[in-house]
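In what follows, a structure is listed as structure tokens, so that the remarks can point back to it.
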Amino acid sequence: MIESKKVDTFIVGGGPGGRIAYMALSKMGKKNALMVMKEEPTVVCSLPYGIGRRLIPGGPEEVVVDLSKSPRLPKDIAKNTIRGEVISLDANTREAIVRTGDAEISVSFEKALLAPGAVPWIPPVDGVLDGVSDEAAPAGESVQVGNNLVDKERLSGNVHVLRSANDARRLDDLARKATHAIIVGSGAIGLETAEALHDRGLKITVIETLPHVTAPLDADMAELVENRLDEKGVRVLTSQKVVAVKSDGVLLESGEYVPGDGVVFATGVRPNLTLARKAGLEIEKGIVTNSRMQTSNEHIYAVGDAVQVADAATGKPVLPLVGTLAMRQGVTAAADIAGMPLKMQPATMWGVSAIFELHWGSIGWTEELAKREKLSVSTVTLPVRTREKAMPSGKEGRWKIVVAEDGNEGGIKAGQILGFQIILDGESPLGTAERFLDIVSFKETVPELFRHFAIHSPSHNPPDDPYLNLFMQYLHA
Ligand SMILES: Cc1cc2nc3c(=O)[nH]c(=O)nc-3n(C[C@H](O)[C@H](O)[C@H](O)COP(=O)(O)OP(=O)(O)OC[C@H]3O[C@@H](n4cnc5c(N)ncnc54)[C@H](O)[C@@H]3O)c2cc1C
């Protein structure tokens, strides 16, 4: 141990949750904060576009955040940040140990704020790891293979994930050298990576275990995404499991061998709970907090992907895993530490992305997810056009709402809108998706759609009011 420090607030993790908490603390006059981060601060969401180069021609380096030059972040953030790993945190003595290379720093703190995020998860299939045993705690960037957290350096040379700037650099390199990439998993990150590598001229095969792509959409919505992938020459294999990774491709459970130079696993993430476990904090699906982001220890706060939240529509614990929520939670925790209480409301899961100009959004519960959770639901699907019929430039799309059939003891009301899905060709669904984020979060019912007014302007949309259409179609159903 060569150094010791004493700070008011100790922040673990330099992702969106940690960075915005630092910023909020500074704005609220709490200047004595220290942030420790294992990975480079990066605008992670933009990494696929850096790899693809079409939207971010400068590549992944453009979205790595230089803390000392950021116009948004406080001037002193670089000075008060350590690149290293917090290897232990004692919630009672309020002391933590940070490892930086070979050195260790002891930090004592008044309050700690954990923003350790999530790590990519890979199914434990043959050939994913290079075979070198690693029982020690990971020292570099981590990935979870099955139940084991391992250092990313242990991944086989042709196996990739996408969570950090280093992952993006490796994929950028793959894009330079390879001709055929295999993407395992077809959620937003899988398909954004598929498009990026397609933009770089690679042949793409997407492999998905589920019967259709894009799990945040139901099958009847996801078919539009599958059609678009097919039009662009992307091969999609659904209901298929990878059972082994070889140096030149993957073997499927069906016996088929799919050749490829690189394999990208976009098979989900798991909350990073290592430190919270060591600190003895209460954990269920993720770290448990109250609405002020305090954990089971009043001196320790937690925010972001590692934290579970109450689903606004149903009250069930969920892991929304989105950066926008990490930032809201970061500000909430900082405000409480600074003595200005804010409260996080229950939240709604969402996913919004685009693949080859086909935009999709999913808010709250899909029909498939609701049925798996034994919620009794009905649905209304509405074909939409982006302009009136007389305008040939108009393109087709689809809306779908998922509606609770009965009320129940969890507080769900009969007729409550539990979920919304939208597909729009060539146009952003954000305005509508955000409106439904509120509709679902505020537990509104179909008749309450009537109070949502629509705007019509021929250069932006067709004349019929989709809220009225949904309402009337529901009455008719
Ligand atoms: C490719 C991609 C696209 C995405 N697109 C979107 C999008 O469009 N919109 C959106 O809202 N969200 C998106 N997300 C999700 C979003 O990036 C995450 O929800 C967000 O980064 C979570 O923030 P966080 O601060 O909780 O954690 P993270 O961003 O995961 O940061 C946590 C950091 O803490 C570090 N850390 C962990 N443990 C320790 C330790 N013991 N010591 C020191 N450091 C530690 C980790 O190394 C990591 O760098 C995307 C994610 C990916 C991967």
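Convention: chains lettered A, B, ... in structure tokens order; per-chain residue numbering from 1; ligands numbered from 1 as shown.
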*Per DSSP on the backbone, what are the helix (DSSP H, G or I) residues of range 78-203 of chain A, as a PyMOL selection string?*
chain A and resi 152-154+165-177+188-199
Write out, as JSON lines, each residue of range 239-312 of chain A that has an atom at most 12 Å from range 148-151 of chain A, together with the closest pair of atoms and their distance in Å to one decimal, counting only C-alpha atoms, rows going by chain and rising number.
{"residue": "A:Val269", "atom": "CA", "partner": "A:Leu149", "partner_atom": "CA", "distance": 11.7}
{"residue": "A:Arg270", "atom": "CA", "partner": "A:Leu149", "partner_atom": "CA", "distance": 10.1}
{"residue": "A:Pro271", "atom": "CA", "partner": "A:Leu149", "partner_atom": "CA", "distance": 11.3}
{"residue": "A:Asn272", "atom": "CA", "partner": "A:Leu149", "partner_atom": "CA", "distance": 9.4}
{"residue": "A:Leu273", "atom": "CA", "partner": "A:Leu149", "partner_atom": "CA", "distance": 10.6}
{"residue": "A:Thr274", "atom": "CA", "partner": "A:Leu149", "partner_atom": "CA", "distance": 9.2}
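Distances from A:Ile51, A:Leu424, A:Ala219, A:Ile204 to ligand 1 were compared using only C-alpha atoms and all ligand atoms, and the smallest one belongs to A:Ile51.
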*Residues within 6 Å of ligand 1 should be enumerated using only C-alpha atoms and all ligand atoms and returned as a PyMOL selection string.*
chain A and resi 12-18+36-39+44-45+47-48+84-87+115-118+162-163+189+304-305+321-324+326
*Could you pull the residues within 12 Å of range 63-67 of chain A, counting only C-alpha atoms, minus those fewer than 3 positions along the same chain, as a count of residues only?*
47
Residues of range 97-197 of chain A that have any atom at most 7 Å from an atom of range 344-363 of chain A: could you tabulate them with the shortest-distance atom pair and the distance in Å to one decimal, using only C-alpha atoms, ordered by chain and increasing number, as JSON lines?
{"residue": "A:Ala188", "atom": "CA", "partner": "A:Ser353", "partner_atom": "CA", "distance": 6.1}
{"residue": "A:Leu191", "atom": "CA", "partner": "A:Ile355", "partner_atom": "CA", "distance": 6.7}
{"residue": "A:Glu192", "atom": "CA", "partner": "A:Ile355", "partner_atom": "CA", "distance": 6.6}
{"residue": "A:Glu195", "atom": "CA", "partner": "A:Ile355", "partner_atom": "CA", "distance": 6.7}
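The closest residue to Pro259 in chain A, picked from A:Val288, A:Val206, A:Met293, A:Leu281 and counting only C-alpha atoms, is A:Val206.
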*Can you pull out every residue within 10 Å of Ser254 in chain A, counting only C-alpha atoms, but drop anything in the same chain fewer than 5 positions away, and send it as a VMD selection string?*
chain A and resid 239 to 243
_Nearest residue to Pro458 in chain A from the set A:Val125, A:Ala390, A:Ala414, A:Ile439 (distances using only C-alpha atoms)_ = A:Ala390
_Non-local contacts of range 426-436 of chain A (12 Å; only C-alpha atoms; under 5 positions in same chain excluded) as a PyMOL selection string_ = chain A and resi 228+313+348-365+384-387+393-402+417-421+441-446+449+452-455+460-461+466-467
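Taking only C-alpha atoms, the non-local environment of Ile122 in chain A within 8 Å (same-chain residues fewer than 4 positions away omitted) comprises A:Val143, A:Gln144, A:Val145, A:Gly146, A:Phe265, A:Ala266, A:Thr267, A:Gly268.
Between Leu375 in chain A and the residues A:Gly407, A:Pro392, A:Gly187, A:Gly140, the shortest atom-to-atom distance, using only C-alpha atoms, involves A:Gly407.
Nearest residue to Thr379 in chain A, choosing from A:His476, A:Lys316, A:Arg54, A:His212 and counting only C-alpha atoms: A:His476.
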*Which neighbours of His299 in chain A fall inside 12 Å, counting only C-alpha atoms, when residues of the same chain fewer than 6 positions from it are skipped, and could you give them as a PyMOL selection string?*
chain A and resi 8-10+89-95+109-114+279+281+289+292-293+333+336-337
_DSSP-assigned strand (DSSP E or B) among range 311-457 of chain A, expressed as a ChimeraX atom specification_ = /A:311,317-318,347,350-355,358-364,377-385,396-404,416-425,445
